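Undergrad: File protein-v4.pdb below, PDB, C-alpha atoms:
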ATOM      1  CA  MET A1344       0.322 -22.005  17.923  1.00  0.00           C
ATOM      2  CA  LYS A1345       3.738 -22.040  16.253  1.00  0.00           C
ATOM      3  CA  ILE A1346       3.581 -20.681  12.715  1.00  0.00           C
ATOM      4  CA  ASN A1347       6.569 -21.351  10.482  1.00  0.00           C
ATOM      5  CA  ALA A1348       7.195 -18.385   8.188  1.00  0.00           C
ATOM      6  CA  THR A1349       9.600 -18.541   5.266  1.00  0.00           C
ATOM      7  CA  GLU A1350      10.172 -16.027   2.505  1.00  0.00           C
ATOM      8  CA  GLN A1351       7.368 -17.535   0.419  1.00  0.00           C
ATOM      9  CA  THR A1352       4.911 -19.170   2.818  1.00  0.00           C
ATOM     10  CA  SER A1353       3.465 -19.284   6.308  1.00  0.00           C
ATOM     11  CA  THR A1354       2.789 -22.817   7.505  1.00  0.00           C
ATOM     12  CA  PHE A1355       0.251 -23.796  10.170  1.00  0.00           C
ATOM     13  CA  PRO A1356       0.664 -26.987  12.253  1.00  0.00           C
ATOM     14  CA  CYS A1357      -2.648 -28.616  11.326  1.00  0.00           C
ATOM     15  CA  LYS A1358      -4.451 -30.488   8.588  1.00  0.00           C
ATOM     16  CA  LYS A1359      -6.275 -28.342   6.031  1.00  0.00           C
ATOM     17  CA  SER A1360      -9.610 -29.743   7.256  1.00  0.00           C
ATOM     18  CA  LYS A1361      -8.874 -28.410  10.785  1.00  0.00           C
ATOM     19  CA  LEU A1362      -7.455 -25.019   9.754  1.00  0.00           C
ATOM     20  CA  LYS A1363     -10.582 -22.917  10.324  1.00  0.00           C
ATOM     21  CA  SER A1364     -11.125 -24.368  13.801  1.00  0.00           C
ATOM     22  CA  ILE A1365      -7.471 -23.828  14.758  1.00  0.00           C
ATOM     23  CA  LEU A1366      -7.423 -20.266  13.392  1.00  0.00           C
ATOM     24  CA  ASN A1367     -10.625 -19.373  15.272  1.00  0.00           C
ATOM     25  CA  LYS A1368      -8.949 -20.482  18.516  1.00  0.00           C
ATOM     26  CA  ASN A1369      -5.900 -18.331  17.749  1.00  0.00           C
ATOM     27  CA  ILE A1370      -7.404 -14.959  16.777  1.00  0.00           C
ATOM     28  CA  GLY A1371      -4.881 -12.240  17.557  1.00  0.00           C
ATOM     29  CA  VAL A1372      -1.807 -14.420  17.070  1.00  0.00           C
ATOM     30  CA  LYS A1373       0.859 -12.496  15.145  1.00  0.00           C
ATOM     31  CA  TRP A1374       3.932 -13.685  13.276  1.00  0.00           C
ATOM     32  CA  GLN A1375       6.729 -12.028  11.371  1.00  0.00           C
ATOM     33  CA  THR A1376       7.308 -12.565   7.631  1.00  0.00           C
ATOM     34  CA  PRO A1377       9.637 -10.841   5.169  1.00  0.00           C
ATOM     35  CA  LEU A1378       6.616  -8.750   4.091  1.00  0.00           C
ATOM     36  CA  GLY A1379       5.824  -7.593   7.614  1.00  0.00           C
ATOM     37  CA  GLU A1380       3.852  -8.705  10.626  1.00  0.00           C
ATOM     38  CA  PHE A1381       0.820 -10.891   9.907  1.00  0.00           C
ATOM     39  CA  GLU A1382      -2.085 -11.462  12.286  1.00  0.00           C
ATOM     40  CA  ILE A1383      -4.950 -13.920  12.540  1.00  0.00           C
ATOM     41  CA  THR A1384      -8.123 -11.830  12.470  1.00  0.00           C
ATOM     42  CA  THR A1385     -11.751 -12.797  11.987  1.00  0.00           C
ATOM     43  CA  GLU A1386     -11.627 -11.069   8.573  1.00  0.00           C
ATOM     44  CA  ALA A1387      -8.547 -13.028   7.525  1.00  0.00           C
ATOM     45  CA  ILE A1388      -9.718 -16.493   8.560  1.00  0.00           C
ATOM     46  CA  GLU A1389     -12.104 -17.062   5.637  1.00  0.00           C
ATOM     47  CA  TRP A1390      -9.423 -15.937   3.187  1.00  0.00           C
ATOM     48  CA  MET A1391      -6.806 -18.177   4.808  1.00  0.00           C
ATOM     49  CA  VAL A1392      -9.069 -21.212   4.658  1.00  0.00           C
ATOM     50  CA  ALA A1393     -10.045 -20.547   1.027  1.00  0.00           C
ATOM     51  CA  ASN A1394      -6.451 -19.888  -0.039  1.00  0.00           C
ATOM     52  CA  SER A1395      -4.567 -22.529   1.929  1.00  0.00           C
ATOM     53  CA  TYR A1396      -2.805 -25.617   0.627  1.00  0.00           C
ATOM     54  CA  LYS A1397      -1.935 -28.994   2.127  1.00  0.00           C
ATOM     55  CA  SER A1398       1.797 -29.464   2.512  1.00  0.00           C
ATOM     56  CA  MET A1399       3.188 -31.962   0.014  1.00  0.00           C
ATOM     57  CA  TYR A1400       5.689 -33.133   2.632  1.00  0.00           C
ATOM     58  CA  ASP A1401       3.439 -33.520   5.660  1.00  0.00           C
ATOM     59  CA  ASP A1402      -0.366 -33.729   5.528  1.00  0.00           C
ATOM     60  CA  THR A1403      -0.566 -32.388   9.094  1.00  0.00           C
ATOM     61  CA  ARG A1404       0.686 -28.998   7.889  1.00  0.00           C
ATOM     62  CA  THR A1405      -1.157 -26.347   5.863  1.00  0.00           C
ATOM     63  CA  TYR A1406       0.308 -23.238   4.278  1.00  0.00           C
ATOM     64  CA  ILE A1407      -0.621 -19.939   2.644  1.00  0.00           C
ATOM     65  CA  TYR A1408       1.423 -17.798   0.285  1.00  0.00           C
ATOM     66  CA  ASN A1409       2.711 -14.707   2.099  1.00  0.00           C
ATOM     67  CA  LYS A1410       2.549 -12.403  -0.929  1.00  0.00           C
ATOM     68  CA  ALA A1411      -1.094 -13.268  -1.623  1.00  0.00           C
ATOM     69  CA  PHE A1412      -2.036 -12.699   2.028  1.00  0.00           C
ATOM     70  CA  TYR A1413      -0.130  -9.414   2.083  1.00  0.00           C
ATOM     71  CA  GLU A1414      -1.892  -8.200  -1.056  1.00  0.00           C
ATOM     72  CA  ALA A1415      -5.307  -9.269   0.241  1.00  0.00           C
ATOM     73  CA  PHE A1416      -4.983  -7.629   3.647  1.00  0.00           C
ATOM     74  CA  LEU A1417      -1.890  -5.619   4.483  1.00  0.00           C
ATOM     75  CA  ALA A1418      -1.223  -3.789   1.233  1.00  0.00           C
ATOM     76  CA  LYS A1419      -4.703  -2.284   1.242  1.00  0.00           C
ATOM     77  CA  SER A1420      -4.667  -1.291   4.887  1.00  0.00           C
ATOM     78  CA  THR A1421      -1.184   0.215   4.625  1.00  0.00           C
ATOM     79  CA  HIS A1422      -2.056   2.264   1.557  1.00  0.00           C
ATOM     80  CA  ASN A1423      -5.320   3.457   3.059  1.00  0.00           C
ATOM     81  CA  ASN A1424      -3.544   4.491   6.220  1.00  0.00           C
ATOM     82  CA  VAL A1425      -1.985   7.928   6.575  1.00  0.00           C
ATOM     83  CA  GLU A1426       1.062   6.243   8.132  1.00  0.00           C
ATOM     84  CA  ILE A1427       2.360   5.617   4.598  1.00  0.00           C
ATOM     85  CA  PHE A1428       3.290   9.301   4.429  1.00  0.00           C
ATOM     86  CA  ASP A1429       5.312   8.942   7.637  1.00  0.00           C
ATOM     87  CA  LEU A1430       7.154   6.013   6.036  1.00  0.00           C
ATOM     88  CA  ILE A1431       7.871   8.110   2.938  1.00  0.00           C
ATOM     89  CA  ARG A1432       9.221  10.975   5.068  1.00  0.00           C
ATOM     90  CA  GLN A1433      11.359   8.544   7.071  1.00  0.00           C
ATOM     91  CA  TRP A1434      12.779   7.121   3.820  1.00  0.00           C
ATOM     92  CA  ALA A1435      13.446  10.641   2.489  1.00  0.00           C
ATOM     93  CA  LYS A1436      15.224  11.587   5.715  1.00  0.00           C
ATOM     94  CA  GLU A1437      17.380   8.439   5.571  1.00  0.00           C
ATOM     95  CA  LYS A1438      18.318   9.228   1.952  1.00  0.00           C
ATOM     96  CA  GLY A1439      19.240  12.830   2.822  1.00  0.00           C
ATOM     97  CA  ILE A1440      16.446  14.361   0.745  1.00  0.00           C
ATOM     98  CA  LEU A1441      14.953  16.279   3.674  1.00  0.00           C
ATOM     99  CA  ASP A1442      18.333  17.526   4.921  1.00  0.00           C
ATOM    100  CA  LYS A1443      20.075  18.321   1.636  1.00  0.00           C
ATOM    101  CA  GLY A1444      17.195  18.426  -0.835  1.00  0.00           C
ATOM    102  CA  ASP A1445      15.794  21.470  -2.560  1.00  0.00           C
ATOM    103  CA  PRO A1446      12.127  22.170  -3.349  1.00  0.00           C
ATOM    104  CA  LYS A1447      13.050  23.268  -6.869  1.00  0.00           C
ATOM    105  CA  THR A1448      14.817  20.000  -7.648  1.00  0.00           C
ATOM    106  CA  GLN A1449      11.827  18.101  -6.263  1.00  0.00           C
ATOM    107  CA  LEU A1450       9.629  20.113  -8.643  1.00  0.00           C
ATOM    108  CA  ILE A1451      11.865  19.084 -11.553  1.00  0.00           C
ATOM    109  CA  LYS A1452      11.600  15.481 -10.318  1.00  0.00           C
ATOM    110  CA  LEU A1453       7.802  15.853 -10.343  1.00  0.00           C
ATOM    111  CA  TYR A1454       7.945  17.019 -13.982  1.00  0.00           C
ATOM    112  CA  GLU A1455      10.082  13.955 -14.803  1.00  0.00           C
ATOM    113  CA  GLU A1456       7.555  11.639 -13.160  1.00  0.00           C
ATOM    114  CA  THR A1457       4.721  13.428 -14.990  1.00  0.00           C
ATOM    115  CA  GLY A1458       6.501  12.654 -18.242  1.00  0.00           C
ATOM    116  CA  GLU A1459       6.766   8.994 -17.248  1.00  0.00           C
ATOM    117  CA  LEU A1460       3.054   8.971 -16.415  1.00  0.00           C
ATOM    118  CA  SER A1461       2.246  10.530 -19.781  1.00  0.00           C
ATOM    119  CA  GLN A1462       4.280   7.914 -21.618  1.00  0.00           C
ATOM    120  CA  SER A1463       2.694   5.081 -19.629  1.00  0.00           C
ATOM    121  CA  LEU A1464      -0.822   6.410 -20.301  1.00  0.00           C
ATOM    122  CA  LEU A1465      -0.133   6.701 -24.027  1.00  0.00           C
ATOM    123  CA  ASN A1466       1.246   3.134 -24.078  1.00  0.00           C
ATOM    124  CA  ASN A1467      -1.577   1.778 -21.895  1.00  0.00           C
ATOM    125  CA  ASP A1468       1.127   0.463 -19.528  1.00  0.00           C
ATOM    126  CA  LYS A1469      -0.747  -0.160 -16.248  1.00  0.00           C
ATOM    127  CA  GLU A1470       2.387  -1.059 -14.274  1.00  0.00           C
ATOM    128  CA  GLY A1471       4.069   2.117 -15.532  1.00  0.00           C
ATOM    129  CA  ILE A1472       1.003   4.168 -14.583  1.00  0.00           C
ATOM    130  CA  ILE A1473       0.998   2.717 -11.065  1.00  0.00           C
ATOM    131  CA  ASP A1474       4.746   3.325 -10.707  1.00  0.00           C
ATOM    132  CA  ALA A1475       4.573   6.915 -11.960  1.00  0.00           C
ATOM    133  CA  ILE A1476       1.595   7.887  -9.794  1.00  0.00           C
ATOM    134  CA  GLY A1477       3.281   6.348  -6.734  1.00  0.00           C
ATOM    135  CA  ASP A1478       6.532   8.155  -7.526  1.00  0.00           C
ATOM    136  CA  MET A1479       4.658  11.443  -7.937  1.00  0.00           C
ATOM    137  CA  ILE A1480       3.048  11.026  -4.520  1.00  0.00           C
ATOM    138  CA  VAL A1481       6.461  10.329  -2.988  1.00  0.00           C
ATOM    139  CA  VAL A1482       7.914  13.447  -4.641  1.00  0.00           C
ATOM    140  CA  LEU A1483       4.951  15.577  -3.507  1.00  0.00           C
ATOM    141  CA  THR A1484       5.350  14.247   0.042  1.00  0.00           C
ATOM    142  CA  ASN A1485       9.025  15.221  -0.036  1.00  0.00           C
ATOM    143  CA  LEU A1486       8.305  18.620  -1.585  1.00  0.00           C
ATOM    144  CA  ALA A1487       5.732  19.397   1.110  1.00  0.00           C
ATOM    145  CA  ALA A1488       8.197  18.362   3.845  1.00  0.00           C
ATOM    146  CA  LEU A1489      10.910  20.577   2.371  1.00  0.00           C
ATOM    147  CA  GLU A1490       8.424  23.456   2.619  1.00  0.00           C
ATOM    148  CA  ASN A1491       7.686  22.538   6.267  1.00  0.00           C
ATOM    149  CA  LEU A1492       4.250  21.231   5.326  1.00  0.00           C
ATOM    150  CA  ASN A1493       2.580  17.853   5.639  1.00  0.00           C
ATOM    151  CA  VAL A1494       1.188  16.450   2.417  1.00  0.00           C
ATOM    152  CA  GLU A1495      -1.807  15.205   4.443  1.00  0.00           C
ATOM    153  CA  ASP A1496      -2.683  18.804   5.344  1.00  0.00           C
ATOM    154  CA  CYS A1497      -2.344  19.815   1.685  1.00  0.00           C
ATOM    155  CA  ILE A1498      -4.683  16.998   0.630  1.00  0.00           C
ATOM    156  CA  ASP A1499      -7.150  17.885   3.381  1.00  0.00           C
ATOM    157  CA  SER A1500      -7.123  21.542   2.337  1.00  0.00           C
ATOM    158  CA  ALA A1501      -7.706  20.644  -1.308  1.00  0.00           C
ATOM    159  CA  TYR A1502     -10.520  18.251  -0.429  1.00  0.00           C
ATOM    160  CA  LYS A1503     -12.317  20.895   1.627  1.00  0.00           C
ATOM    161  CA  VAL A1504     -12.317  23.111  -1.468  1.00  0.00           C
ATOM    162  CA  ILE A1505     -13.338  20.491  -4.039  1.00  0.00           C
ATOM    163  CA  ALA A1506     -16.017  18.989  -1.774  1.00  0.00           C
ATOM    164  CA  GLN A1507     -17.981  22.219  -2.185  1.00  0.00           C
ATOM    165  CA  ARG A1508     -17.167  22.696  -5.861  1.00  0.00           C
ATOM    166  CA  LYS A1509     -19.900  22.664  -8.471  1.00  0.00           C
ATOM    167  CA  GLY A1510     -19.387  22.106 -12.160  1.00  0.00           C
ATOM    168  CA  LYS A1511     -19.873  19.613 -14.955  1.00  0.00           C
ATOM    169  CA  MET A1512     -18.043  17.091 -17.100  1.00  0.00           C
ATOM    170  CA  ILE A1513     -16.880  18.398 -20.475  1.00  0.00           C
ATOM    171  CA  ASN A1514     -14.956  16.093 -22.832  1.00  0.00           C
ATOM    172  CA  GLY A1515     -13.929  13.764 -19.999  1.00  0.00           C
ATOM    173  CA  THR A1516     -12.792  16.539 -17.639  1.00  0.00           C
ATOM    174  CA  PHE A1517     -14.598  18.068 -14.659  1.00  0.00           C
ATOM    175  CA  VAL A1518     -14.806  21.826 -15.235  1.00  0.00           C
ATOM    176  CA  LYS A1519     -15.610  23.863 -12.154  1.00  0.00           C
ATOM    177  CA  GLN A1520     -18.437  26.334 -12.261  1.00  0.00           C
ATOM    178  CA  THR A1521     -17.340  29.966 -12.265  1.00  0.00           C
ATOM    179  CA  LEU A1522     -19.479  32.807 -10.962  1.00  0.00           C
TER     180      LEU A1522
END
Take the structure in this file and express it as C-alpha coordinates.

TA:
Amino acid sequence: MKINATEQTSTFPCKKSKLKSILNKNIGVKWQTPLGEFEITTEAIEWMVANSYKSMYDDTRTYIYNKAFYEAFLAKSTHNNVEIFDLIRQWAKEKGILDKGDPKTQLIKLYEETGELSQSLLNNDKEGIIDAIGDMIVVLTNLAALENLNVEDCIDSAYKVIAQRKGKMINGTFVKQTL
(Lines of atoms letter the chains of each structure in order from A and count residues from 1; the text may use other names and numbers.)
(Lines give C-alpha, C1' and ligand atoms only; values in the text may rest on other atoms or scores of the structure.)
Protein backbone atom coordinates (compact mmCIF):
# COMPACT_ATOMS: atom_id res chain seq x y z
CA MET A 1 0.00 0.00 0.00
CA LYS A 2 1.35 3.43 -0.92
CA ILE A 3 0.78 5.95 1.86
CA ASN A 4 1.20 9.61 0.98
CA ALA A 5 2.72 11.51 3.90
CA THR A 6 2.88 15.29 4.01
CA GLU A 7 3.86 17.56 6.87
CA GLN A 8 0.30 17.56 8.22
CA THR A 9 -1.35 14.31 7.11
CA SER A 10 -0.89 10.72 6.05
CA THR A 11 -3.27 9.69 3.28
CA PHE A 12 -4.40 6.13 2.55
CA PRO A 13 -5.53 5.06 -0.95
CA CYS A 14 -9.01 3.86 0.00
CA LYS A 15 -12.49 5.02 0.90
CA LYS A 16 -13.11 5.66 4.60
CA SER A 17 -15.59 2.76 4.67
CA LYS A 18 -12.81 0.36 3.53
CA LEU A 19 -10.02 1.74 5.74
CA LYS A 20 -10.20 -0.85 8.53
CA SER A 21 -10.14 -3.75 6.07
CA ILE A 22 -7.19 -2.26 4.15
CA LEU A 23 -5.24 -1.50 7.34
CA ASN A 24 -5.78 -5.04 8.66
CA LYS A 25 -4.25 -6.40 5.44
CA ASN A 26 -1.24 -4.09 5.83
CA ILE A 27 -0.19 -4.59 9.46
CA GLY A 28 3.52 -3.86 9.76
CA VAL A 29 3.65 -1.37 6.90
CA LYS A 30 5.81 1.62 7.88
CA TRP A 31 6.07 5.10 6.40
CA GLN A 32 8.13 8.17 7.12
CA THR A 33 6.60 11.48 8.27
CA PRO A 34 8.20 14.69 9.54
CA LEU A 35 7.42 13.44 13.07
CA GLY A 36 9.16 10.11 12.57
CA GLU A 37 8.42 6.65 11.29
CA PHE A 38 4.80 5.51 11.61
CA GLU A 39 3.62 1.90 11.49
CA ILE A 40 0.30 0.13 11.05
CA THR A 41 -0.17 -1.99 14.16
CA THR A 42 -3.20 -3.80 15.53
CA GLU A 43 -3.30 -1.23 18.37
CA ALA A 44 -3.24 1.68 15.94
CA ILE A 45 -5.93 0.47 13.55
CA GLU A 46 -8.92 1.29 15.76
CA TRP A 47 -7.52 4.76 16.42
CA MET A 48 -6.86 5.35 12.72
CA VAL A 49 -10.38 4.33 11.76
CA ALA A 50 -11.96 6.47 14.50
CA ASN A 51 -9.78 9.48 13.69
CA SER A 52 -9.70 9.38 9.90
CA TYR A 53 -11.31 11.77 7.45
CA LYS A 54 -12.54 11.46 3.87
CA SER A 55 -10.48 13.54 1.47
CA MET A 56 -12.38 16.58 0.21
CA TYR A 57 -10.65 16.22 -3.16
CA ASP A 58 -11.05 12.50 -3.79
CA ASP A 59 -13.52 10.24 -1.96
CA THR A 60 -11.28 7.23 -2.65
CA ARG A 61 -8.66 8.64 -0.27
CA THR A 62 -8.73 8.81 3.54
CA TYR A 63 -6.34 10.67 5.80
CA ILE A 64 -5.26 11.06 9.42
CA TYR A 65 -3.49 13.97 11.08
CA ASN A 66 0.15 13.09 11.75
CA LYS A 67 0.44 15.12 14.96
CA ALA A 68 -2.62 13.46 16.51
CA PHE A 69 -1.32 9.99 15.60
CA TYR A 70 2.12 10.84 16.96
CA GLU A 71 0.65 12.05 20.25
CA ALA A 72 -1.61 9.01 20.56
CA PHE A 73 1.09 6.43 19.90
CA LEU A 74 4.66 7.53 19.38
CA ALA A 75 5.03 10.30 21.94
CA LYS A 76 4.00 7.97 24.76
CA SER A 77 6.17 5.08 23.66
CA THR A 78 9.19 7.33 23.12
CA HIS A 79 8.87 8.97 26.52
CA ASN A 80 8.35 5.66 28.27
CA ASN A 81 11.39 4.22 26.58
CA VAL A 82 14.85 4.61 28.08
CA GLU A 83 16.13 5.47 24.58
CA ILE A 84 15.05 9.07 25.22
CA PHE A 85 18.10 9.45 27.46
CA ASP A 86 20.34 8.26 24.62
CA LEU A 87 18.77 10.92 22.39
CA ILE A 88 19.41 13.58 25.05
CA ARG A 89 23.06 12.51 25.37
CA GLN A 90 23.45 12.52 21.59
CA TRP A 91 22.01 16.06 21.45
CA ALA A 92 24.32 17.18 24.28
CA LYS A 93 27.33 15.71 22.48
CA GLU A 94 26.38 17.46 19.23
CA LYS A 95 26.04 20.78 21.09
CA GLY A 96 29.44 20.35 22.77
CA ILE A 97 28.00 20.07 26.28
CA LEU A 98 29.61 16.69 26.97
CA ASP A 99 33.00 17.73 25.55
CA LYS A 100 33.27 21.29 26.86
CA GLY A 101 30.63 21.39 29.58
CA ASP A 102 31.22 21.57 33.30
CA PRO A 103 29.20 19.83 36.02
CA LYS A 104 29.10 23.03 38.07
CA THR A 105 27.57 25.04 35.23
CA GLN A 106 25.02 22.27 34.70
CA LEU A 107 24.15 22.55 38.40
CA ILE A 108 23.61 26.30 37.97
CA LYS A 109 21.44 25.51 34.92
CA LEU A 110 19.42 23.12 37.10
CA TYR A 111 18.86 25.92 39.64
CA GLU A 112 17.68 28.17 36.79
CA GLU A 113 15.22 25.53 35.60
CA THR A 114 14.03 25.01 39.19
CA GLY A 115 13.26 28.71 39.33
CA GLU A 116 11.27 28.44 36.10
CA LEU A 117 9.37 25.48 37.54
CA SER A 118 8.62 27.44 40.70
CA GLN A 119 7.28 30.37 38.71
CA SER A 120 5.17 28.10 36.51
CA LEU A 121 3.72 26.30 39.55
CA LEU A 122 2.84 29.59 41.24
CA ASN A 123 1.17 30.82 38.03
CA ASN A 124 -0.59 27.48 37.40
CA ASP A 125 1.06 27.46 33.95
CA LYS A 126 0.83 23.80 32.84
CA GLU A 127 2.87 24.32 29.67
CA GLY A 128 5.57 26.05 31.71
CA ILE A 129 5.54 23.21 34.24
CA ILE A 130 5.94 20.62 31.49
CA ASP A 131 8.75 22.63 29.87
CA ALA A 132 10.64 23.16 33.13
CA ILE A 133 10.40 19.53 34.26
CA GLY A 134 11.57 18.36 30.82
CA ASP A 135 14.45 20.84 30.87
CA MET A 136 15.44 19.69 34.35
CA ILE A 137 15.56 16.07 33.19
CA VAL A 138 17.73 17.08 30.23
CA VAL A 139 20.10 18.99 32.54
CA LEU A 140 20.27 16.06 34.99
CA THR A 141 21.00 13.68 32.11
CA ASN A 142 23.85 15.96 31.00
CA LEU A 143 25.15 16.39 34.54
CA ALA A 144 25.24 12.63 35.07
CA ALA A 145 27.09 12.14 31.76
CA LEU A 146 29.66 14.78 32.70
CA GLU A 147 30.27 12.77 35.88
CA ASN A 148 30.65 9.57 33.81
CA LEU A 149 27.31 8.26 35.06
CA ASN A 150 24.10 7.29 33.33
CA VAL A 151 21.00 9.04 34.60
CA GLU A 152 19.16 5.71 34.22
CA ASP A 153 21.49 4.13 36.79
CA CYS A 154 20.93 7.09 39.13
CA ILE A 155 17.15 6.70 38.81
CA ASP A 156 17.40 2.94 39.33
CA SER A 157 19.53 3.43 42.44
CA ALA A 158 17.10 5.98 43.88
CA TYR A 159 14.11 3.75 43.15
CA LYS A 160 15.69 0.79 44.93
CA VAL A 161 15.99 2.99 48.03
CA ILE A 162 12.53 4.58 47.92
CA ALA A 163 10.80 1.29 47.09
CA GLN A 164 11.70 0.08 50.58
CA ARG A 165 11.04 3.39 52.31
CA LYS A 166 8.34 3.71 54.93
CA GLY A 167 6.78 6.94 56.08
CA LYS A 168 3.64 9.03 55.91
CA MET A 169 2.12 12.06 54.24
CA ILE A 170 2.37 15.29 56.24
CA ASN A 171 0.98 18.53 54.79
CA GLY A 172 1.11 17.19 51.22
CA THR A 173 4.66 15.82 51.48
CA PHE A 174 5.84 12.24 52.02
CA VAL A 175 8.09 12.21 55.09
CA LYS A 176 10.26 9.14 55.44
CA GLN A 177 10.24 7.22 58.67
CA THR A 178 13.42 7.58 60.72
CA LEU A 179 14.64 4.97 63.18

Undergrad: Identify which of the residues A:Thr1354, A:Gly1379, A:Lys1436, A:Leu1417 lies closest to Met1399 in chain A, counting all atoms listed in the file when measuring atom-to-atom distances.

TA: A:Thr1354

Undergrad: Identify all residues satisfying the PyMOL selection byres ((chain A and resi 1352) around 9) in the given file; provide them as a list in words.

TA: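 Matching residues under the PyMOL selection byres ((chain A and resi 1352) around 9) are Asn1347, Ala1348, Thr1349, Glu1350, Gln1351, Ser1353, Thr1354, Thr1376, Tyr1406, Ile1407, Tyr1408, Asn1409 and Lys1410 of chain A.
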
Undergrad: Contacts of range 1441-1455 of chain A at 10 Å or less, counting only C-alpha atoms, minus same-chain residues fewer than 5 places along, as number ranges by chain?

TA: A: 1432-1436, 1460-1461, 1475, 1478-1491

Undergrad: I'd like to know which of A:Ile1476, A:Leu1362, A:Ile1513, A:Ile1498 is closest to Thr1405 in chain A, using only C-alpha atoms.

TA: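 That would be A:Leu1362, the residue with the smallest distance to Thr1405 in chain A.
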
Undergrad: Work out how far CA of Gly1371 in chain A is from CA of Glu1386 in chain A, in Å to one decimal.

TA: 11.3 Å

Undergrad: Please return the centre and edge lengths, in Å to one decimal, of a box with edges along x, y and z that contains all listed atoms of range 1430-1447 of chain A, widened by 3 Å on every side, as AutoDock Vina command-line options.

TA:
--center_x 13.6 --center_y 14.6 --center_z 0.1 --size_x 18.9 --size_y 23.3 --size_z 19.9

Undergrad: Under the PyMOL selection byres ((chain A and resi 1392) around 10), which residues of this model are included? Write them out as a list of chain:residue names.

TA: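 After applying the PyMOL selection byres ((chain A and resi 1392) around 10), what remains is A:Lys1359, A:Ser1360, A:Lys1361, A:Leu1362, A:Lys1363, A:Ser1364, A:Leu1366, A:Ala1387, A:Ile1388, A:Glu1389, A:Trp1390, A:Met1391, A:Ala1393, A:Asn1394, A:Ser1395, A:Tyr1396, A:Thr1405, A:Tyr1406, A:Ile1407.
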
Undergrad: Rounded to one decimal in Å, what is the spacing between CA of Asn1466 in chain A and CA of Asn1514 in chain A?

TA: 20.8 Å

Undergrad: In Å, rounded to a single decimal, give me how far CA of Phe1381 in chain A is from CA of Asp1474 in chain A.

TA: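 Going from CA of Asp1474 in chain A over to CA of Phe1381 in chain A, I get 25.3 Å.
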
Undergrad: Which residues are near range 1518-1522 of chain A? Cut-off 6 Å, all atoms listed in the file, ignore same chain within fewer than 2 positions. Put them as a PyMOL selection string.

TA: chain A and resi 1509-1511

Undergrad: Residues of the last selection are to be written out with C-alpha atoms, as a short mmCIF file (atom, residue, chain, number, x, y, z; two decimals), keeping the file's coordinate frame.

TA:
data_model
loop_
_atom_site.label_atom_id
_atom_site.label_comp_id
_atom_site.auth_asym_id
_atom_site.auth_seq_id
_atom_site.Cartn_x
_atom_site.Cartn_y
_atom_site.Cartn_z
CA LYS A 1509 -19.90 22.66 -8.47
CA GLY A 1510 -19.39 22.11 -12.16
CA LYS A 1511 -19.87 19.61 -14.96
#

Undergrad: Pick the closest to Pro1356 in chain A from A:Ser1398, A:Ile1440, A:Glu1380, A:Val1504: which is it, counting only C-alpha atoms?

TA: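 Under the stated criterion, the closest residue is A:Ser1398.
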